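Data block below; observations after.
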Amino acid sequence: MAIRLVFSSFLFLCANVLAIDVMRYASVQYSTLYSEFVDSEGKFYPSYGNPLELDWKSTTATSGWTSGFFPGVFWNILQYNASQESLKRAIAVTTPTAPFANVTGTHDVGFVIMSGFGNAYRLLKLPEYLNVVVTGAHSLATRYSPIVRCTRSWNSAQGFLVIIDNMMNLELLFEASNQTKDQTLYNIARQHANRTMHEHFRDDNSTYHVVEYDEKDGSVIRKYTAQGYADWSTWARGQSWSVHGFTIAYRYTKYQPFLDKAIGAANYVLTHLPSSTDLIPYWDYDAPRNSTLPYQPRDTSAAAIFASALVELSGYVTPDLRDRFLAAAKGVVDQLSSPKYMIYGDKQYKLPALLVNGTIGSYPKNPYDVSLSYGDYYLTQAVIRLSKL
Ligand SMILES: *[C@@H]1O[C@H](CO)[C@@H](O)[C@H](O)[C@H]1NC(C)=O
Ligand SMILES: *[C@@H]1O[C@H](CO)[C@@H](O)[C@H](O)[C@H]1NC(C)=O
Ligand SMILES: *[C@@H]1O[C@H](CO)[C@@H](O)[C@H](O)[C@H]1NC(C)=O
Ligand SMILES: *[C@@H]1O[C@H](CO)[C@@H](O)[C@H](O)[C@H]1NC(C)=O
Ligand SMILES: *[C@@H]1O[C@H](CO)[C@@H](O)[C@H](O)[C@H]1NC(C)=O
Ligand SMILES: *[C@@H]1O[C@H](CO)[C@@H](O)[C@H](O)[C@H]1NC(C)=O
Ligand SMILES: *[C@@H]1O[C@H](CO)[C@@H](O)[C@H](O)[C@H]1NC(C)=O
C-alpha cells in the first residue's frame, strides 16, 4: 500500500511521460494483485472492481470469460520490464488457465487462451505454450457450423447466436493454423470473419451486437443487442471489437475486404467520438443524453481496445491514413492515462487497478464506472505497441 501511494504522487508530477508511466504504474498496481494471487493459492483472477473498494470481483482461472486478461497484463509488463521476477509472475498467473483450452462450451476460449498462452508463446516460443493454443483452437472449432459459416458465440436454445465480440476469438484459430499449417482452422476463422463482415455491419460501418442465425439453413433470423442501448444502436465496445477483430483477420489473411472493413469501422469510431478533443466514448454511441437521461457513463475499455487496434491497423494502411490513425491512437492513450481516467487521479480510489470508468454491459442494468481487467489489458497492450514503433 505504501509503495502505491508513493507512485501515485510520482505520477502526478510526471504526467507528460505517459508511456513509461503507464507501464511503471502497471508494475506497481499489479505487484499488489500478484500478492493477492499468491495469497489465494492461484484462485484470484480479477475481473472488474469498484474503484472505491479495495477488492476486485474475481473469477477462477477457468471460469468466466476474463481470466486471460490478468495474465495478459503481466505479459505486457514483461515487455516493458524484462526481469526474472516479471517473467516468473507472468508464467505463474498464466499456467492455471491451461485447462480452459479444453473448454468447448464457450467461444471465450479465444479471449482466455490468446491473452495468456498466446502472448506467452509469442514472446517465449516454447512448444508447450503452442500446444495449449492448438488445443484451444480445436475446442473453438467444435463450435463451427458449416451451414451458418460461423462459430457459435453464446449457447442458446433460441437460435445460433453470434456476437461481434467473437471476431476477437478468431485470433486463436488463425494463430494455431499458422503454426501448424492446419488449413481447416484457417478456413473456419476466415469464413466466420467473412460472414460477420456481411451481416454485422450497417451501411455506415457501425455494428449490430448480436446476429441470430437459423442453424438449419444458415439464414438470418434477427439482429439485435444484448449489451447496447437499443437493437439499432452501436454499442461502443462491440464497435471496438470489430476494429480489432478485422485488423487481426487481415493480419493473417491479407484479404483486402477485411482491411477495408477494419478501416471503415475505425472511421465510424473516429467520427462518433464525443468531440474532436474528447476521445473517450460513452458506452453506446447512440445512448441519448438529455434532461430525461442526464448521465451516461463512458467505456474506457472500448477506448483502450480501439487504441490498440489502431496501432496495428496503422501498419497496414497508406501513409496519410497511418499518420491519422497513429495520432488518434496516441490521443486516446494520452487521455486514458490522464488523472481523469486512472486510479491515481482520485485520492478516494483504493482499487489496485489502472483504469476507471469502464462499463460492463448495458447501462444502468450492469456495473458502470468500474475498473475492468480488459480495460487494463488493452491499455497496456496499446502502450507497448506504441512504444515499439
Ligand atoms: C521491474 O520489476 C521488478 C520486479 O517486480 C521491480 O522490482 C522493478 O522495480 C521493476 N522495474 C521497473 C522499472 O518498473
Ligand atoms: C486437454 O485434455 C486432454 C485430454 O484429457 C489432456 O491430455 C490435456 O492435457 C488437456 N490440455 C490442457 C491444456 O489442459
Ligand atoms: C466471402 O463471402 C462471399 C459471399 O458469400 C464470397 O463470394 C467470397 O468468396 C468469400 N470470401 C472469402 C475470403 O471467403
Ligand atoms: C505465420 O507463420 C510464419 C512462419 O511460420 C511467420 O513468418 C508469419 O509471420 C506468421 N504470420 C502471422 C500473421 O503471424
Ligand atoms: C464502410 O466500409 C466499406 C468497406 O467495407 C467502405 O467501402 C465504405 O466506404 C465505408 N462506409 C462509410 C460510410 O464509411
Ligand atoms: C430523452 O431520450 C429518451 C430516449 O431516447 C427519450 O425517450 C426522451 O423522450 C428524451 N427526452 C427529451 C426531453 O428529449
Ligand atoms: C468516472 O467515474 C466516476 C465514479 O467513479 C465518476 O464520478 C466520474 O464522473 C466518471 N468520469 C467520467 C468522465 O465519466
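Just so we're on the same page: first chain in the C-alpha cells is A, next is B, and so on; residues restart at 1 for each chain, and ligands are numbered from 1 in the order they show up.
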Contacts to ligand 7 at 9 Å cut-off (only C-alpha atoms and all ligand atoms) as a VMD selection string: chain A and resid 50 to 52 280 282 295 to 299 340 to 341 346 349 356 to 358 368 to 370
Those same residues - N, CA, C and O atoms - I'd like them written as a PDB file, in the first residue's frame.
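The resulting file, out_27.pdb, is shown below:
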ATOM      1  N   ASN A  50     -15.064  -2.028  -8.217  1.00  0.00           N
ATOM      2  CA  ASN A  50     -15.456  -0.668  -7.884  1.00  0.00           C
ATOM      3  C   ASN A  50     -14.194   0.064  -7.411  1.00  0.00           C
ATOM      4  O   ASN A  50     -13.548  -0.381  -6.469  1.00  0.00           O
ATOM      5  N   PRO A  51     -13.851   1.174  -8.054  1.00  0.00           N
ATOM      6  CA  PRO A  51     -12.600   1.858  -7.691  1.00  0.00           C
ATOM      7  C   PRO A  51     -12.545   2.333  -6.238  1.00  0.00           C
ATOM      8  O   PRO A  51     -11.463   2.531  -5.697  1.00  0.00           O
ATOM      9  N   LEU A  52     -13.723   2.480  -5.617  1.00  0.00           N
ATOM     10  CA  LEU A  52     -13.747   2.940  -4.221  1.00  0.00           C
ATOM     11  C   LEU A  52     -13.457   1.813  -3.231  1.00  0.00           C
ATOM     12  O   LEU A  52     -13.270   2.067  -2.044  1.00  0.00           O
ATOM     13  N   ILE A 280     -12.869   9.707 -25.526  1.00  0.00           N
ATOM     14  CA  ILE A 280     -13.288   8.515 -24.786  1.00  0.00           C
ATOM     15  C   ILE A 280     -14.791   8.330 -24.980  1.00  0.00           C
ATOM     16  O   ILE A 280     -15.593   9.154 -24.509  1.00  0.00           O
ATOM     17  N   TYR A 282     -18.756   7.341 -24.910  1.00  0.00           N
ATOM     18  CA  TYR A 282     -19.776   6.860 -23.987  1.00  0.00           C
ATOM     19  C   TYR A 282     -19.995   5.379 -24.281  1.00  0.00           C
ATOM     20  O   TYR A 282     -19.549   4.873 -25.306  1.00  0.00           O
ATOM     21  N   TYR A 295     -27.228  11.471 -17.329  1.00  0.00           N
ATOM     22  CA  TYR A 295     -25.926  10.827 -17.180  1.00  0.00           C
ATOM     23  C   TYR A 295     -25.810   9.619 -18.087  1.00  0.00           C
ATOM     24  O   TYR A 295     -26.728   8.794 -18.161  1.00  0.00           O
ATOM     25  N   GLN A 296     -24.702   9.524 -18.758  1.00  0.00           N
ATOM     26  CA  GLN A 296     -24.335   8.292 -19.460  1.00  0.00           C
ATOM     27  C   GLN A 296     -22.879   8.021 -19.117  1.00  0.00           C
ATOM     28  O   GLN A 296     -22.042   8.919 -19.218  1.00  0.00           O
ATOM     29  N   PRO A 297     -22.564   6.810 -18.710  1.00  0.00           N
ATOM     30  CA  PRO A 297     -21.164   6.519 -18.408  1.00  0.00           C
ATOM     31  C   PRO A 297     -20.336   6.337 -19.678  1.00  0.00           C
ATOM     32  O   PRO A 297     -20.864   6.050 -20.751  1.00  0.00           O
ATOM     33  N   ARG A 298     -19.043   6.509 -19.536  1.00  0.00           N
ATOM     34  CA  ARG A 298     -18.098   6.216 -20.619  1.00  0.00           C
ATOM     35  C   ARG A 298     -17.832   4.716 -20.635  1.00  0.00           C
ATOM     36  O   ARG A 298     -18.260   3.990 -19.742  1.00  0.00           O
ATOM     37  N   ASP A 299     -17.060   4.284 -21.620  1.00  0.00           N
ATOM     38  CA  ASP A 299     -16.458   2.958 -21.504  1.00  0.00           C
ATOM     39  C   ASP A 299     -14.992   3.056 -21.904  1.00  0.00           C
ATOM     40  O   ASP A 299     -14.654   3.053 -23.086  1.00  0.00           O
ATOM     41  N   LYS A 340      -7.864  11.866 -15.089  1.00  0.00           N
ATOM     42  CA  LYS A 340      -9.318  11.786 -15.238  1.00  0.00           C
ATOM     43  C   LYS A 340      -9.817  10.340 -15.289  1.00  0.00           C
ATOM     44  O   LYS A 340     -10.932  10.051 -14.851  1.00  0.00           O
ATOM     45  N   TYR A 341      -9.015   9.458 -15.858  1.00  0.00           N
ATOM     46  CA  TYR A 341      -9.490   8.084 -16.067  1.00  0.00           C
ATOM     47  C   TYR A 341      -8.679   7.021 -15.330  1.00  0.00           C
ATOM     48  O   TYR A 341      -8.941   5.836 -15.483  1.00  0.00           O
ATOM     49  N   ASP A 346      -7.684  10.042  -8.317  1.00  0.00           N
ATOM     50  CA  ASP A 346      -8.642  10.401  -7.270  1.00  0.00           C
ATOM     51  C   ASP A 346      -8.216   9.743  -5.957  1.00  0.00           C
ATOM     52  O   ASP A 346      -8.106   8.514  -5.887  1.00  0.00           O
ATOM     53  N   TYR A 349      -9.968   6.679  -4.517  1.00  0.00           N
ATOM     54  CA  TYR A 349      -9.899   5.353  -5.155  1.00  0.00           C
ATOM     55  C   TYR A 349      -8.907   4.455  -4.417  1.00  0.00           C
ATOM     56  O   TYR A 349      -7.789   4.879  -4.095  1.00  0.00           O
ATOM     57  N   VAL A 356     -10.306   3.536 -14.569  1.00  0.00           N
ATOM     58  CA  VAL A 356     -11.671   3.523 -14.044  1.00  0.00           C
ATOM     59  C   VAL A 356     -12.614   3.846 -15.222  1.00  0.00           C
ATOM     60  O   VAL A 356     -12.188   3.911 -16.363  1.00  0.00           O
ATOM     61  N   ASN A 357     -13.911   4.034 -14.928  1.00  0.00           N
ATOM     62  CA  ASN A 357     -14.887   4.433 -15.944  1.00  0.00           C
ATOM     63  C   ASN A 357     -15.055   3.418 -17.082  1.00  0.00           C
ATOM     64  O   ASN A 357     -15.212   3.799 -18.250  1.00  0.00           O
ATOM     65  N   GLY A 358     -15.011   2.154 -16.727  1.00  0.00           N
ATOM     66  CA  GLY A 358     -15.407   1.127 -17.687  1.00  0.00           C
ATOM     67  C   GLY A 358     -16.864   0.743 -17.443  1.00  0.00           C
ATOM     68  O   GLY A 358     -17.359   0.846 -16.317  1.00  0.00           O
ATOM     69  N   TYR A 368     -21.201   0.028 -13.876  1.00  0.00           N
ATOM     70  CA  TYR A 368     -20.559   1.028 -14.735  1.00  0.00           C
ATOM     71  C   TYR A 368     -19.640   1.889 -13.871  1.00  0.00           C
ATOM     72  O   TYR A 368     -19.681   1.808 -12.641  1.00  0.00           O
ATOM     73  N   ASP A 369     -18.803   2.688 -14.516  1.00  0.00           N
ATOM     74  CA  ASP A 369     -17.768   3.450 -13.806  1.00  0.00           C
ATOM     75  C   ASP A 369     -16.934   2.532 -12.908  1.00  0.00           C
ATOM     76  O   ASP A 369     -16.633   2.855 -11.756  1.00  0.00           O
ATOM     77  N   VAL A 370     -16.573   1.399 -13.478  1.00  0.00           N
ATOM     78  CA  VAL A 370     -15.767   0.423 -12.738  1.00  0.00           C
ATOM     79  C   VAL A 370     -14.446   0.190 -13.477  1.00  0.00           C
ATOM     80  O   VAL A 370     -14.275   0.610 -14.631  1.00  0.00           O
TER      81      VAL A 370
END
Select from chain A every residue with an atom at most 9 Å from any atom of ligand 2, then for each give the shortest pair of atoms and their distance in Å to one decimal, using only C-alpha atoms and all ligand atoms, rows by chain and rising number, as JSON lines.
{"residue": "A:Thr97", "atom": "CA", "partner": "ligand 2", "partner_atom_place_in_ligand_line": "13 (C)", "distance": 8.2}
{"residue": "A:Ala98", "atom": "CA", "partner": "ligand 2", "partner_atom_place_in_ligand_line": "13 (C)", "distance": 4.4}
{"residue": "A:Pro99", "atom": "CA", "partner": "ligand 2", "partner_atom_place_in_ligand_line": "14 (O)", "distance": 3.7}
{"residue": "A:Phe100", "atom": "CA", "partner": "ligand 2", "partner_atom_place_in_ligand_line": "14 (O)", "distance": 6.8}
{"residue": "A:Ala101", "atom": "CA", "partner": "ligand 2", "partner_atom_place_in_ligand_line": "13 (C)", "distance": 5.2}
{"residue": "A:Asn102", "atom": "CA", "partner": "ligand 2", "partner_atom_place_in_ligand_line": "1 (C)", "distance": 4.9}
{"residue": "A:Val103", "atom": "CA", "partner": "ligand 2", "partner_atom_place_in_ligand_line": "1 (C)", "distance": 8.5}
{"residue": "A:Tyr129", "atom": "CA", "partner": "ligand 2", "partner_atom_place_in_ligand_line": "13 (C)", "distance": 8.9}
{"residue": "A:Asn131", "atom": "CA", "partner": "ligand 2", "partner_atom_place_in_ligand_line": "13 (C)", "distance": 7.4}
{"residue": "A:Val132", "atom": "CA", "partner": "ligand 2", "partner_atom_place_in_ligand_line": "13 (C)", "distance": 4.8}
{"residue": "A:Val133", "atom": "CA", "partner": "ligand 2", "partner_atom_place_in_ligand_line": "13 (C)", "distance": 8.2}
{"residue": "A:Thr135", "atom": "CA", "partner": "ligand 2", "partner_atom_place_in_ligand_line": "13 (C)", "distance": 6.5}
{"residue": "A:Gly136", "atom": "CA", "partner": "ligand 2", "partner_atom_place_in_ligand_line": "13 (C)", "distance": 7.7}
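Counting only C-alpha atoms and comparing A:Ala61, A:Leu124, A:Val311, A:Leu78, the residue that lies closest to A:Ala327 is A:Val311.
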For A:Ser139, the nearest of the candidates A:Glu215, A:Asp108, A:Asp165, A:Glu85, counting only C-alpha atoms: A:Asp108
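With only C-alpha atoms as the atoms that count, the minimum distance from A:Gly105 to the choices A:Ile384, A:Ala141, A:Leu173, A:Val28 is reached by A:Ala141.
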Per DSSP on the backbone, what are the strand (DSSP E or B) residues of stretch 129-299 of chain A, as a PDB file with N, CA and C atoms, in the first residue's frame?
ATOM      1  N   TYR A 144     -18.103 -24.561 -34.685  1.00  0.00           N
ATOM      2  CA  TYR A 144     -18.337 -24.073 -36.050  1.00  0.00           C
ATOM      3  C   TYR A 144     -19.505 -24.801 -36.711  1.00  0.00           C
ATOM      4  N   SER A 145     -20.314 -24.026 -37.396  1.00  0.00           N
ATOM      5  CA  SER A 145     -21.381 -24.604 -38.222  1.00  0.00           C
ATOM      6  C   SER A 145     -21.077 -24.294 -39.678  1.00  0.00           C
ATOM      7  N   CYS A 150     -20.150 -19.806 -39.292  1.00  0.00           N
ATOM      8  CA  CYS A 150     -19.624 -19.080 -38.133  1.00  0.00           C
ATOM      9  C   CYS A 150     -19.402 -20.069 -36.995  1.00  0.00           C
ATOM     10  N   THR A 151     -18.587 -19.648 -36.027  1.00  0.00           N
ATOM     11  CA  THR A 151     -18.546 -20.359 -34.753  1.00  0.00           C
ATOM     12  C   THR A 151     -19.619 -19.756 -33.854  1.00  0.00           C
ATOM     13  N   PHE A 160     -28.871 -19.749 -33.396  1.00  0.00           N
ATOM     14  CA  PHE A 160     -27.408 -19.786 -33.435  1.00  0.00           C
ATOM     15  C   PHE A 160     -26.940 -18.334 -33.296  1.00  0.00           C
ATOM     16  N   LEU A 161     -26.435 -18.002 -32.114  1.00  0.00           N
ATOM     17  CA  LEU A 161     -26.121 -16.602 -31.814  1.00  0.00           C
ATOM     18  C   LEU A 161     -24.641 -16.304 -32.058  1.00  0.00           C
ATOM     19  N   VAL A 162     -24.407 -15.219 -32.771  1.00  0.00           N
ATOM     20  CA  VAL A 162     -23.033 -14.754 -32.988  1.00  0.00           C
ATOM     21  C   VAL A 162     -22.959 -13.291 -32.569  1.00  0.00           C
ATOM     22  N   ILE A 163     -22.018 -12.985 -31.688  1.00  0.00           N
ATOM     23  CA  ILE A 163     -21.851 -11.602 -31.242  1.00  0.00           C
ATOM     24  C   ILE A 163     -20.573 -11.030 -31.864  1.00  0.00           C
ATOM     25  N   PHE A 201     -22.546  -5.544 -40.050  1.00  0.00           N
ATOM     26  CA  PHE A 201     -22.336  -4.103 -40.278  1.00  0.00           C
ATOM     27  C   PHE A 201     -23.515  -3.449 -40.974  1.00  0.00           C
ATOM     28  N   THR A 207     -21.959  -1.347 -36.039  1.00  0.00           N
ATOM     29  CA  THR A 207     -22.209  -2.789 -35.901  1.00  0.00           C
ATOM     30  C   THR A 207     -23.449  -3.102 -35.072  1.00  0.00           C
ATOM     31  N   VAL A 210     -25.598  -8.499 -31.816  1.00  0.00           N
ATOM     32  CA  VAL A 210     -25.909  -9.927 -31.956  1.00  0.00           C
ATOM     33  C   VAL A 210     -26.594 -10.193 -33.292  1.00  0.00           C
ATOM     34  N   VAL A 211     -26.164 -11.242 -33.983  1.00  0.00           N
ATOM     35  CA  VAL A 211     -26.929 -11.749 -35.119  1.00  0.00           C
ATOM     36  C   VAL A 211     -27.372 -13.164 -34.778  1.00  0.00           C
ATOM     37  N   GLU A 212     -28.669 -13.388 -34.873  1.00  0.00           N
ATOM     38  CA  GLU A 212     -29.213 -14.717 -34.626  1.00  0.00           C
ATOM     39  C   GLU A 212     -29.473 -15.397 -35.961  1.00  0.00           C
ATOM     40  N   TYR A 213     -28.821 -16.546 -36.161  1.00  0.00           N
ATOM     41  CA  TYR A 213     -28.966 -17.297 -37.408  1.00  0.00           C
ATOM     42  C   TYR A 213     -29.842 -18.529 -37.176  1.00  0.00           C
ATOM     43  N   VAL A 220     -30.498 -15.473 -41.660  1.00  0.00           N
ATOM     44  CA  VAL A 220     -30.534 -14.564 -40.519  1.00  0.00           C
ATOM     45  C   VAL A 220     -31.953 -14.476 -39.986  1.00  0.00           C
ATOM     46  N   ILE A 221     -32.115 -14.686 -38.685  1.00  0.00           N
ATOM     47  CA  ILE A 221     -33.440 -14.558 -38.067  1.00  0.00           C
ATOM     48  C   ILE A 221     -33.654 -13.128 -37.589  1.00  0.00           C
ATOM     49  N   ARG A 222     -32.687 -12.612 -36.853  1.00  0.00           N
ATOM     50  CA  ARG A 222     -32.812 -11.216 -36.426  1.00  0.00           C
ATOM     51  C   ARG A 222     -31.463 -10.664 -35.981  1.00  0.00           C
ATOM     52  N   LYS A 223     -31.417  -9.341 -35.895  1.00  0.00           N
ATOM     53  CA  LYS A 223     -30.206  -8.642 -35.450  1.00  0.00           C
ATOM     54  C   LYS A 223     -30.615  -7.768 -34.292  1.00  0.00           C
ATOM     55  N   TYR A 224     -29.903  -7.860 -33.205  1.00  0.00           N
ATOM     56  CA  TYR A 224     -30.348  -7.124 -32.020  1.00  0.00           C
ATOM     57  C   TYR A 224     -29.174  -6.835 -31.083  1.00  0.00           C
ATOM     58  N   TRP A 235     -23.139  -0.256 -29.794  1.00  0.00           N
ATOM     59  CA  TRP A 235     -22.503  -0.481 -28.504  1.00  0.00           C
ATOM     60  C   TRP A 235     -20.995  -0.227 -28.668  1.00  0.00           C
ATOM     61  N   TYR A 282     -18.756   7.341 -24.910  1.00  0.00           N
ATOM     62  CA  TYR A 282     -19.776   6.860 -23.987  1.00  0.00           C
ATOM     63  C   TYR A 282     -19.995   5.379 -24.281  1.00  0.00           C
ATOM     64  N   ASP A 284     -22.345   3.634 -25.306  1.00  0.00           N
ATOM     65  CA  ASP A 284     -23.050   3.331 -26.556  1.00  0.00           C
ATOM     66  C   ASP A 284     -23.080   4.633 -27.346  1.00  0.00           C
ATOM     67  N   ARG A 298     -19.043   6.509 -19.536  1.00  0.00           N
ATOM     68  CA  ARG A 298     -18.098   6.216 -20.619  1.00  0.00           C
ATOM     69  C   ARG A 298     -17.832   4.716 -20.635  1.00  0.00           C
TER      70      ARG A 298
END
Exercise answer, 9 Å around ligand 6 with only C-alpha atoms and all ligand atoms, as a count of residues only: 9
Nearby polymer residues, ligand 3, at most 7 Å, only C-alpha atoms and all ligand atoms, as a ChimeraX atom specification: /A:190-191,194-195,255
Exercise answer, 8 Å around ligand 1 with only C-alpha atoms and all ligand atoms, as a count of residues only: 13
Residue with smallest distance to ligand 4 - pool A:Ser314, A:Thr271, A:Ser371, A:Thr247, counting only C-alpha atoms and all ligand atoms: A:Thr247
Neighbourhood of ligand 5 at 8 Å, counting only C-alpha atoms and all ligand atoms, reported as a list in words: Met197, Asp203, Asp204, Asn205, Pro257, Phe258, Leu259, Asp260, Lys261, Ala262, Ile263, Gly264, Ala265, Asn267 and Tyr268 of chain A
Deliver the residues from the most recent selection as a file, using N, CA and C atoms, as a short mmCIF file (atom, residue, chain, number, x, y, z; two decimals), in the first residue's frame.
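So the final result, stored in again_38.cif, reads:
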data_model
loop_
_atom_site.label_atom_id
_atom_site.label_comp_id
_atom_site.auth_asym_id
_atom_site.auth_seq_id
_atom_site.Cartn_x
_atom_site.Cartn_y
_atom_site.Cartn_z
N MET A 197 -18.59 -9.96 -41.65
CA MET A 197 -18.43 -8.72 -42.42
C MET A 197 -19.72 -8.39 -43.19
N ASP A 203 -24.69 0.13 -43.18
CA ASP A 203 -24.05 0.84 -44.29
C ASP A 203 -23.00 1.85 -43.81
N ASP A 204 -23.21 2.40 -42.62
CA ASP A 204 -22.24 3.40 -42.14
C ASP A 204 -21.09 2.75 -41.37
N ASN A 205 -21.01 1.42 -41.44
CA ASN A 205 -19.96 0.64 -40.78
C ASN A 205 -20.05 0.61 -39.26
N PRO A 257 -10.80 -7.02 -48.38
CA PRO A 257 -12.07 -6.57 -47.77
C PRO A 257 -12.02 -6.52 -46.23
N PHE A 258 -11.24 -7.38 -45.61
CA PHE A 258 -11.14 -7.33 -44.14
C PHE A 258 -10.43 -6.04 -43.71
N LEU A 259 -9.40 -5.68 -44.47
CA LEU A 259 -8.71 -4.42 -44.14
C LEU A 259 -9.65 -3.23 -44.35
N ASP A 260 -10.37 -3.26 -45.46
CA ASP A 260 -11.30 -2.15 -45.74
C ASP A 260 -12.35 -2.05 -44.64
N LYS A 261 -12.79 -3.21 -44.14
CA LYS A 261 -13.82 -3.18 -43.10
C LYS A 261 -13.24 -2.66 -41.79
N ALA A 262 -12.02 -3.05 -41.47
CA ALA A 262 -11.38 -2.53 -40.26
C ALA A 262 -11.26 -1.01 -40.34
N ILE A 263 -10.88 -0.52 -41.52
CA ILE A 263 -10.75 0.93 -41.70
C ILE A 263 -12.12 1.61 -41.60
N GLY A 264 -13.12 0.99 -42.24
CA GLY A 264 -14.47 1.55 -42.18
C GLY A 264 -14.99 1.62 -40.75
N ALA A 265 -14.77 0.54 -40.00
CA ALA A 265 -15.25 0.50 -38.61
C ALA A 265 -14.48 1.51 -37.76
N ASN A 267 -13.16 4.31 -38.88
CA ASN A 267 -13.65 5.65 -39.24
C ASN A 267 -14.98 5.96 -38.56
N TYR A 268 -15.81 4.92 -38.40
CA TYR A 268 -17.06 5.15 -37.67
C TYR A 268 -16.75 5.67 -36.26
#
Close residues to ligand 4 using only C-alpha atoms and all ligand atoms, limit 8 Å, as an MDAnalysis selection string: chainID A and resid 175 178:179 251:253
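Separating atom CA of A:Ser219 from atom CA of A:Ile188 is a distance of 17.9 Å.
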Expected answer as a PyMOL selection string: alpha helix (DSSP H) residues in stretch 284-380 of chain A: chain A and resi 300-314+319-336+373-380
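Atom CA of A:Trp241 lies 18.6 Å from atom CA of A:Phe70.
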